[in-house]
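A.B. asks: One structure coming up, written as structure tokens, with questions to follow.
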Amino acid sequence: MAQKGNNINIQIASEEHLAYVDTILQTIADAAKVRGTGIAKRNPDYIKNKIVEGKAIIALSGDEFAGFCYIESWGHDKFVANSGLIVVDEFRGQGLAKNIKRKAFELSRKRYPTAKIFGLTTGLAVMKINSELGYKPVTFSELTDDNEFWKGCQSCVNYDILLRTNRKHCLCTGMLFDPARDAKPDPIPPRKLGVYERWLRFKKFVFLGGNRKKSNKDGKNNVLKSFFSALFA
Ligand SMILES: CC(C)(COP(=O)(O)OP(=O)(O)OC[C@H]1O[C@@H](n2cnc3c(N)ncnc32)[C@H](O)[C@@H]1OP(=O)(O)O)[C@@H](O)C(=O)NCCC(=O)NCCS
């Protein structure tokens with residue numbers, strides 16, 4: 001894969017970047033097709049609003065689109081999510097997502113200083129970036145209960161899993177930064193990242209794997225519960 005990392009400008013997006021909305025959405029939609037990757041599709045007007053409100057981060061290499069992320073507040077501004085993170089294939093593996101997320105994190109802290117910042121992800125890269133910023137893995141019950149946020153998952157290919165588990169589990173892991181608690185980042189040690197990887201494989205096996213007989217459903221949920229408690233206790 002060609003490496004195209006030079007002179008990438010990461011900035012808070014503004015109206016001059018509205019012309020990139022179609023490209024941003026197409027890049028997200030292409031990434032969302034991969035089964036097992038939890039990415040919801042986005043509506044063009046929603047992304048346009050984020051840009052106009054100064055709540056999006058865009059990365060450009062010259063005029064070429066390289067990456068994007070936006071922030072959204074939930075539960076009467078008690079929670080902020082950094083969502084829609086995407087890096088174009090050719091620009092991956094060079095720390096771009098990390099820099100975009102850092103900028104989105106700073107923007108979130110500035111605009112919502114007392115809010116808890118959270119994200120849902122299936123990606124080890126994102127888990128790593130989040131933990132370096134001070135996020136901790138949490139159960140979904142610690143995230144916002146704002147139904148509007150969870151509605152955003154409806155367009156994700158894995159939404160059936162969230163429904164089946166009454167919003168308790170999905171392929172995504174919830175991670176949360178609580179400004180009252182997590183001021184000091186505590187990066188995930190490499191050994192723990194391996195645990196995340198196995199945990200994700202296990203969830204894919206349980207939720208996407210073959211046998212979905214109803215009689216086995218409760219058993220599976222119990223196994224998940226104990227595994228999850230052991231991992232995040
Ligand atoms: C996930 C994504 C944003 C990562 O972008 P990126 O620019 O390649 O990521 P970075 O280069 O900043 O990598 C950040 C860290 O994660 C690690 N990493 C990157 N890809 C990884 C992977 N597939 N597995 C494990 N670790 C990975 C990097 O080594 C780096 O760690 P380091 O600082 O210790 O070197 C990009 O692959 C993407 O757009 N994927 C499709 C959309 C998506 O999954 N979005 C996330 C939705 S939550």
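Chain identifiers are assigned as A, B, and so on, following the order in which chains appear in the structure tokens; residues are numbered from 1 within each chain, and ligands are numbered from 1 in order of appearance.
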Near stretch 163-168 of chain A, within 9 Å and counting only C-alpha atoms, which residues show up once chain neighbours fewer than 4 positions away are dropped, as a PyMOL selection string?
C.D. replies: chain A and resi 139-141+150+159+221
A.B. asks: Please write the residues from the selection above to a file, keeping N, CA and C atoms, as a CSV table (one decimal), in the first residue's frame.
C.D. replies:
chain,number,residue,atom,x,y,z
A,139,THR,N,-19.1,-1.2,31.0
A,139,THR,CA,-20.3,-1.9,30.5
A,139,THR,C,-21.2,-0.8,29.8
A,140,PHE,N,-22.1,-1.2,29.0
A,140,PHE,CA,-23.0,-0.3,28.3
A,140,PHE,C,-23.8,0.5,29.3
A,141,SER,N,-24.1,-0.1,30.4
A,141,SER,CA,-25.0,0.6,31.4
A,141,SER,C,-24.3,1.9,31.9
A,150,TRP,N,-28.5,5.7,21.0
A,150,TRP,CA,-28.5,4.2,20.6
A,150,TRP,C,-29.3,4.0,19.3
A,159,TYR,N,-26.5,-4.5,14.4
A,159,TYR,CA,-27.6,-3.9,15.3
A,159,TYR,C,-28.4,-5.1,15.9
A,221,ASN,N,-25.6,-16.0,27.2
A,221,ASN,CA,-25.6,-14.7,27.9
A,221,ASN,C,-24.9,-14.8,29.2
A.B. asks: Taking only C-alpha atoms and all ligand atoms into account, list the residues no farther than 8 Å from ligand 1, as a PyMOL selection string.
C.D. replies: chain A and resi 28+31-32+37-39+67+83-89+91-99+119-129
A.B. asks: Based on the selection just made, write N, CA and C atoms of those residues as a JSON list (two decimals), in the first residue's frame.
C.D. replies:
[["chain", "number", "residue", "atom", "x", "y", "z"],
["A", 28, "ILE", "N", -16.94, 6.23, 4.85],
["A", 28, "ILE", "CA", -17.53, 5.54, 6.01],
["A", 28, "ILE", "C", -18.36, 4.34, 5.54],
["A", 31, "ALA", "N", -16.25, 1.37, 4.59],
["A", 31, "ALA", "CA", -15.68, 0.68, 5.75],
["A", 31, "ALA", "C", -16.77, -0.10, 6.49],
["A", 32, "ALA", "N", -18.00, 0.42, 6.46],
["A", 32, "ALA", "CA", -19.10, -0.22, 7.21],
["A", 32, "ALA", "C", -19.54, -1.54, 6.59],
["A", 37, "THR", "N", -17.21, -5.18, 11.67],
["A", 37, "THR", "CA", -16.76, -3.84, 12.03],
["A", 37, "THR", "C", -18.00, -3.04, 12.38],
["A", 38, "GLY", "N", -18.01, -2.47, 13.58],
["A", 38, "GLY", "CA", -19.23, -1.77, 14.01],
["A", 38, "GLY", "C", -19.21, -0.31, 13.63],
["A", 39, "ILE", "N", -19.67, 0.01, 12.44],
["A", 39, "ILE", "CA", -19.72, 1.41, 12.02],
["A", 39, "ILE", "C", -21.11, 1.71, 11.50],
["A", 67, "GLY", "N", -9.00, 12.04, 6.49],
["A", 67, "GLY", "CA", -9.63, 11.47, 7.68],
["A", 67, "GLY", "C", -10.62, 12.43, 8.31],
["A", 83, "SER", "N", -17.32, 10.36, 17.42],
["A", 83, "SER", "CA", -17.87, 9.33, 16.53],
["A", 83, "SER", "C", -17.40, 9.51, 15.11],
["A", 84, "GLY", "N", -17.71, 8.50, 14.30],
["A", 84, "GLY", "CA", -17.49, 8.58, 12.86],
["A", 84, "GLY", "C", -16.02, 8.66, 12.48],
["A", 85, "LEU", "N", -15.15, 8.13, 13.34],
["A", 85, "LEU", "CA", -13.71, 8.19, 13.01],
["A", 85, "LEU", "C", -13.43, 7.36, 11.75],
["A", 86, "ILE", "N", -12.80, 7.99, 10.81],
["A", 86, "ILE", "CA", -12.44, 7.29, 9.58],
["A", 86, "ILE", "C", -11.12, 7.85, 9.04],
["A", 87, "VAL", "N", -10.27, 6.94, 8.59],
["A", 87, "VAL", "CA", -9.03, 7.33, 7.91],
["A", 87, "VAL", "C", -9.02, 6.61, 6.56],
["A", 88, "VAL", "N", -8.77, 7.33, 5.50],
["A", 88, "VAL", "CA", -8.72, 6.75, 4.15],
["A", 88, "VAL", "C", -7.57, 5.71, 4.10],
["A", 89, "ASP", "N", -7.86, 4.59, 3.43],
["A", 89, "ASP", "CA", -6.91, 3.46, 3.36],
["A", 89, "ASP", "C", -5.44, 3.87, 3.23],
["A", 91, "PHE", "N", -3.84, 6.36, 3.95],
["A", 91, "PHE", "CA", -3.24, 7.18, 5.01],
["A", 91, "PHE", "C", -3.20, 6.43, 6.34],
["A", 92, "ARG", "N", -3.59, 5.15, 6.33],
["A", 92, "ARG", "CA", -3.64, 4.41, 7.59],
["A", 92, "ARG", "C", -2.25, 3.98, 8.04],
["A", 93, "GLY", "N", -2.13, 3.66, 9.33],
["A", 93, "GLY", "CA", -0.89, 3.11, 9.86],
["A", 93, "GLY", "C", 0.21, 4.13, 10.06],
["A", 94, "GLN", "N", -0.15, 5.40, 10.09],
["A", 94, "GLN", "CA", 0.88, 6.44, 10.26],
["A", 94, "GLN", "C", 0.55, 7.36, 11.42],
["A", 95, "GLY", "N", -0.37, 6.92, 12.28],
["A", 95, "GLY", "CA", -0.70, 7.74, 13.45],
["A", 95, "GLY", "C", -1.75, 8.81, 13.17],
["A", 96, "LEU", "N", -2.39, 8.76, 12.01],
["A", 96, "LEU", "CA", -3.35, 9.82, 11.69],
["A", 96, "LEU", "C", -4.60, 9.74, 12.58],
["A", 97, "ALA", "N", -5.12, 8.52, 12.75],
["A", 97, "ALA", "CA", -6.32, 8.37, 13.60],
["A", 97, "ALA", "C", -6.03, 8.88, 15.01],
["A", 98, "LYS", "N", -4.84, 8.57, 15.49],
["A", 98, "LYS", "CA", -4.46, 9.01, 16.84],
["A", 98, "LYS", "C", -4.49, 10.54, 16.93],
["A", 99, "ASN", "N", -3.96, 11.20, 15.93],
["A", 99, "ASN", "CA", -3.93, 12.67, 15.95],
["A", 99, "ASN", "C", -5.32, 13.28, 15.78],
["A", 119, "GLY", "N", -16.99, 6.35, 23.74],
["A", 119, "GLY", "CA", -17.03, 5.84, 22.36],
["A", 119, "GLY", "C", -17.35, 4.37, 22.37],
["A", 120, "LEU", "N", -17.86, 3.89, 21.25],
["A", 120, "LEU", "CA", -18.10, 2.46, 21.05],
["A", 120, "LEU", "C", -17.22, 2.04, 19.90],
["A", 121, "THR", "N", -16.53, 0.94, 20.06],
["A", 121, "THR", "CA", -15.67, 0.53, 18.96],
["A", 121, "THR", "C", -15.42, -0.98, 18.94],
["A", 122, "THR", "N", -15.20, -1.50, 17.74],
["A", 122, "THR", "CA", -14.74, -2.89, 17.61],
["A", 122, "THR", "C", -13.24, -2.90, 17.31],
["A", 123, "GLY", "N", -12.65, -1.73, 17.16],
["A", 123, "GLY", "CA", -11.28, -1.67, 16.64],
["A", 123, "GLY", "C", -10.22, -1.60, 17.72],
["A", 124, "LEU", "N", -9.22, -2.49, 17.60],
["A", 124, "LEU", "CA", -8.13, -2.46, 18.57],
["A", 124, "LEU", "C", -7.36, -1.15, 18.50],
["A", 125, "ALA", "N", -7.22, -0.61, 17.28],
["A", 125, "ALA", "CA", -6.51, 0.66, 17.12],
["A", 125, "ALA", "C", -7.20, 1.74, 17.96],
["A", 126, "VAL", "N", -8.53, 1.79, 17.87],
["A", 126, "VAL", "CA", -9.29, 2.82, 18.58],
["A", 126, "VAL", "C", -9.22, 2.58, 20.10],
["A", 127, "MET", "N", -9.27, 1.30, 20.51],
["A", 127, "MET", "CA", -9.16, 1.01, 21.95],
["A", 127, "MET", "C", -7.82, 1.50, 22.48],
["A", 128, "LYS", "N", -6.80, 1.31, 21.68],
["A", 128, "LYS", "CA", -5.46, 1.74, 22.08],
["A", 128, "LYS", "C", -5.40, 3.27, 22.19],
["A", 129, "ILE", "N", -5.92, 3.92, 21.16],
["A", 129, "ILE", "CA", -5.91, 5.40, 21.15],
["A", 129, "ILE", "C", -6.71, 5.92, 22.34]]
A.B. asks: Could you find all residues in stretch 11-164 of chain A that DSSP calls strand (DSSP E or B) from the backbone, and write them as a count of residues only?
C.D. replies: 37
A.B. asks: Using only C-alpha atoms, what table do you get, as JSON lines, when you list each residue of stretch 54-163 of chain A with an atom no more than 12 Å from stretch 172-181 of chain A, its nearest pair of atoms, and their distance in Å rounded to one decimal, rows by chain then rising number?
C.D. replies:
{"residue": "A:Lys78", "atom": "CA", "partner": "A:Asp178", "partner_atom": "CA", "distance": 10.4}
{"residue": "A:Phe79", "atom": "CA", "partner": "A:Asp178", "partner_atom": "CA", "distance": 9.3}
{"residue": "A:Val80", "atom": "CA", "partner": "A:Phe177", "partner_atom": "CA", "distance": 9.6}
{"residue": "A:Ala81", "atom": "CA", "partner": "A:Leu176", "partner_atom": "CA", "distance": 9.1}
{"residue": "A:Asn82", "atom": "CA", "partner": "A:Leu176", "partner_atom": "CA", "distance": 10.6}
{"residue": "A:Phe105", "atom": "CA", "partner": "A:Phe177", "partner_atom": "CA", "distance": 9.8}
{"residue": "A:Ser108", "atom": "CA", "partner": "A:Phe177", "partner_atom": "CA", "distance": 11.0}
{"residue": "A:Arg109", "atom": "CA", "partner": "A:Pro179", "partner_atom": "CA", "distance": 8.7}
{"residue": "A:Lys110", "atom": "CA", "partner": "A:Pro179", "partner_atom": "CA", "distance": 11.9}
{"residue": "A:Tyr112", "atom": "CA", "partner": "A:Pro179", "partner_atom": "CA", "distance": 10.4}
{"residue": "A:Pro113", "atom": "CA", "partner": "A:Pro179", "partner_atom": "CA", "distance": 7.8}
{"residue": "A:Thr114", "atom": "CA", "partner": "A:Pro179", "partner_atom": "CA", "distance": 6.5}
{"residue": "A:Ala115", "atom": "CA", "partner": "A:Pro179", "partner_atom": "CA", "distance": 7.2}
{"residue": "A:Lys116", "atom": "CA", "partner": "A:Asp178", "partner_atom": "CA", "distance": 4.7}
{"residue": "A:Ile117", "atom": "CA", "partner": "A:Phe177", "partner_atom": "CA", "distance": 4.9}
{"residue": "A:Phe118", "atom": "CA", "partner": "A:Leu176", "partner_atom": "CA", "distance": 4.2}
{"residue": "A:Gly119", "atom": "CA", "partner": "A:Met175", "partner_atom": "CA", "distance": 5.4}
{"residue": "A:Leu120", "atom": "CA", "partner": "A:Gly174", "partner_atom": "CA", "distance": 4.6}
{"residue": "A:Thr121", "atom": "CA", "partner": "A:Cys172", "partner_atom": "CA", "distance": 4.6}
{"residue": "A:Thr122", "atom": "CA", "partner": "A:Cys172", "partner_atom": "CA", "distance": 4.4}
{"residue": "A:Gly123", "atom": "CA", "partner": "A:Cys172", "partner_atom": "CA", "distance": 8.0}
{"residue": "A:Leu124", "atom": "CA", "partner": "A:Thr173", "partner_atom": "CA", "distance": 9.8}
{"residue": "A:Val126", "atom": "CA", "partner": "A:Met175", "partner_atom": "CA", "distance": 9.8}
{"residue": "A:Met127", "atom": "CA", "partner": "A:Met175", "partner_atom": "CA", "distance": 7.8}
{"residue": "A:Lys128", "atom": "CA", "partner": "A:Met175", "partner_atom": "CA", "distance": 10.6}
{"residue": "A:Ile129", "atom": "CA", "partner": "A:Met175", "partner_atom": "CA", "distance": 10.9}
{"residue": "A:Asn130", "atom": "CA", "partner": "A:Met175", "partner_atom": "CA", "distance": 7.4}
{"residue": "A:Ser131", "atom": "CA", "partner": "A:Met175", "partner_atom": "CA", "distance": 8.3}
{"residue": "A:Glu132", "atom": "CA", "partner": "A:Phe177", "partner_atom": "CA", "distance": 10.6}
{"residue": "A:Leu133", "atom": "CA", "partner": "A:Phe177", "partner_atom": "CA", "distance": 8.0}
{"residue": "A:Gly134", "atom": "CA", "partner": "A:Phe177", "partner_atom": "CA", "distance": 6.0}
{"residue": "A:Tyr135", "atom": "CA", "partner": "A:Phe177", "partner_atom": "CA", "distance": 4.2}
{"residue": "A:Lys136", "atom": "CA", "partner": "A:Met175", "partner_atom": "CA", "distance": 5.2}
{"residue": "A:Pro137", "atom": "CA", "partner": "A:Met175", "partner_atom": "CA", "distance": 4.2}
{"residue": "A:Val138", "atom": "CA", "partner": "A:Gly174", "partner_atom": "CA", "distance": 5.5}
{"residue": "A:Thr139", "atom": "CA", "partner": "A:Gly174", "partner_atom": "CA", "distance": 6.3}
{"residue": "A:Phe140", "atom": "CA", "partner": "A:Gly174", "partner_atom": "CA", "distance": 6.0}
{"residue": "A:Ser141", "atom": "CA", "partner": "A:Gly174", "partner_atom": "CA", "distance": 9.4}
{"residue": "A:Glu142", "atom": "CA", "partner": "A:Leu176", "partner_atom": "CA", "distance": 8.2}
{"residue": "A:Leu143", "atom": "CA", "partner": "A:Gly174", "partner_atom": "CA", "distance": 7.4}
{"residue": "A:Thr144", "atom": "CA", "partner": "A:Leu176", "partner_atom": "CA", "distance": 10.2}
{"residue": "A:Cys153", "atom": "CA", "partner": "A:Cys172", "partner_atom": "CA", "distance": 10.5}
{"residue": "A:Cys156", "atom": "CA", "partner": "A:Cys172", "partner_atom": "CA", "distance": 10.8}
{"residue": "A:Val157", "atom": "CA", "partner": "A:Cys172", "partner_atom": "CA", "distance": 11.7}
{"residue": "A:Asn158", "atom": "CA", "partner": "A:Cys172", "partner_atom": "CA", "distance": 9.1}
{"residue": "A:Tyr159", "atom": "CA", "partner": "A:Cys172", "partner_atom": "CA", "distance": 10.4}
{"residue": "A:Ile161", "atom": "CA", "partner": "A:Cys172", "partner_atom": "CA", "distance": 10.2}
{"residue": "A:Leu162", "atom": "CA", "partner": "A:Cys172", "partner_atom": "CA", "distance": 9.5}
A.B. asks: Next, the residues of the selection above should be written as a JSON list (two decimals), in the first residue's frame with C-alpha atoms.
C.D. replies:
[["chain", "number", "residue", "atom", "x", "y", "z"],
["A", 78, "LYS", "CA", -23.65, 15.05, 30.38],
["A", 79, "PHE", "CA", -22.01, 12.78, 27.80],
["A", 80, "VAL", "CA", -20.02, 13.48, 24.66],
["A", 81, "ALA", "CA", -19.22, 10.87, 22.03],
["A", 82, "ASN", "CA", -16.39, 11.11, 19.52],
["A", 105, "PHE", "CA", -10.82, 14.88, 22.44],
["A", 108, "SER", "CA", -14.76, 17.86, 23.44],
["A", 109, "ARG", "CA", -12.98, 18.89, 26.64],
["A", 110, "LYS", "CA", -13.08, 22.53, 25.58],
["A", 112, "TYR", "CA", -18.06, 20.27, 27.27],
["A", 113, "PRO", "CA", -15.54, 20.46, 30.16],
["A", 114, "THR", "CA", -17.63, 18.50, 32.65],
["A", 115, "ALA", "CA", -19.03, 15.87, 30.28],
["A", 116, "LYS", "CA", -18.01, 12.23, 30.27],
["A", 117, "ILE", "CA", -16.50, 11.37, 26.91],
["A", 118, "PHE", "CA", -17.25, 7.96, 25.46],
["A", 119, "GLY", "CA", -17.03, 5.84, 22.36],
["A", 120, "LEU", "CA", -18.10, 2.46, 21.05],
["A", 121, "THR", "CA", -15.67, 0.53, 18.96],
["A", 122, "THR", "CA", -14.74, -2.89, 17.61],
["A", 123, "GLY", "CA", -11.28, -1.67, 16.64],
["A", 124, "LEU", "CA", -8.13, -2.46, 18.57],
["A", 126, "VAL", "CA", -9.29, 2.82, 18.58],
["A", 127, "MET", "CA", -9.16, 1.01, 21.95],
["A", 128, "LYS", "CA", -5.46, 1.74, 22.08],
["A", 129, "ILE", "CA", -5.91, 5.40, 21.15],
["A", 130, "ASN", "CA", -8.75, 5.81, 23.65],
["A", 131, "SER", "CA", -6.81, 4.28, 26.50],
["A", 132, "GLU", "CA", -3.89, 6.60, 25.81],
["A", 133, "LEU", "CA", -6.32, 9.49, 26.19],
["A", 134, "GLY", "CA", -7.50, 8.14, 29.54],
["A", 135, "TYR", "CA", -10.65, 6.23, 28.55],
["A", 136, "LYS", "CA", -11.51, 3.05, 30.47],
["A", 137, "PRO", "CA", -13.57, 0.10, 29.20],
["A", 138, "VAL", "CA", -17.05, 0.04, 30.75],
["A", 139, "THR", "CA", -20.31, -1.86, 30.47],
["A", 140, "PHE", "CA", -22.96, -0.27, 28.27],
["A", 141, "SER", "CA", -24.97, 0.63, 31.39],
["A", 142, "GLU", "CA", -22.32, 3.26, 32.25],
["A", 143, "LEU", "CA", -22.80, 5.00, 28.92],
["A", 144, "THR", "CA", -25.56, 7.44, 28.12],
["A", 153, "CYS", "CA", -26.64, 2.05, 15.97],
["A", 156, "CYS", "CA", -24.86, -0.79, 11.85],
["A", 157, "VAL", "CA", -24.65, -4.32, 10.42],
["A", 158, "ASN", "CA", -24.43, -5.67, 13.98],
["A", 159, "TYR", "CA", -27.57, -3.95, 15.33],
["A", 161, "ILE", "CA", -26.92, -8.24, 18.38],
["A", 162, "LEU", "CA", -27.61, -5.10, 20.41]]
A.B. asks: Using DSSP on the backbone coordinates, identify all residues within stretch 15-230 of chain A classified as alpha helix (DSSP H); present the result as a PyMOL selection string.
C.D. replies: chain A and resi 21-32+44-52+96-111+124-133+147-151+159-164+190-208+214-230
A.B. asks: Can you list, as a PDB file with C-alpha atoms, in the first residue's frame, every protein, DNA or RNA residue that comes within 9 Å of A:Leu25 when you count only C-alpha atoms, leaving out same-chain residues fewer than 2 positions away?
C.D. replies:
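Produced file part-v8.pdb, reproduced below:
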ATOM      1  CA  TYR A  20     -16.049  16.898   1.351  1.00  0.00           C
ATOM      2  CA  VAL A  21     -19.277  15.539   2.864  1.00  0.00           C
ATOM      3  CA  ASP A  22     -20.019  13.056   0.035  1.00  0.00           C
ATOM      4  CA  THR A  23     -16.470  11.704   0.128  1.00  0.00           C
ATOM      5  CA  THR A  27     -15.503   6.353   2.883  1.00  0.00           C
ATOM      6  CA  ILE A  28     -17.526   5.541   6.011  1.00  0.00           C
ATOM      7  CA  ALA A  29     -20.041   3.478   4.004  1.00  0.00           C
ATOM      8  CA  ASP A  30     -17.256   1.444   2.365  1.00  0.00           C
ATOM      9  CA  LYS A  41     -23.923   4.914   8.435  1.00  0.00           C
ATOM     10  CA  ARG A  42     -24.416   8.675   8.647  1.00  0.00           C
ATOM     11  CA  ASN A  43     -26.902  11.037   7.139  1.00  0.00           C
ATOM     12  CA  PRO A  44     -25.466  13.891   4.965  1.00  0.00           C
ATOM     13  CA  ILE A  47     -22.526  15.568   8.998  1.00  0.00           C
TER      14      ILE A  47
END
A.B. asks: At a cut-off of 7 Å, using only C-alpha atoms, what residues contact A:Gln11? Leave out same-chain residues fewer than 5 positions from it and give the result as number ranges by chain.
C.D. replies: A: 57-59
A.B. asks: Calculate how many Å separate atom CA of A:Leu171 from atom CA of A:Leu200, rounding to one decimal.
C.D. replies: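 Rounded to one decimal, the two atoms are 6.7 Å apart.
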A.B. asks: Just how far from atom CA of A:Lys151 is atom CA of A:Lys203, in Å to one decimal?
C.D. replies: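 These two atoms are separated by 21.5 Å.
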A.B. asks: For a test of reading the model, state the distance in Å between atom CA of A:Glu197 and atom CA of A:Cys69, rounded to one decimal.
C.D. replies: 23.7 Å
A.B. asks: Neighbouring residues of A:Gly54 were defined as those with any atom within 9 Å, considering only C-alpha atoms; residues of the same chain fewer than 2 positions away were excluded. Please report them as a VMD selection string.
C.D. replies: chain A and resid 12 to 15 49 to 52 56 to 57
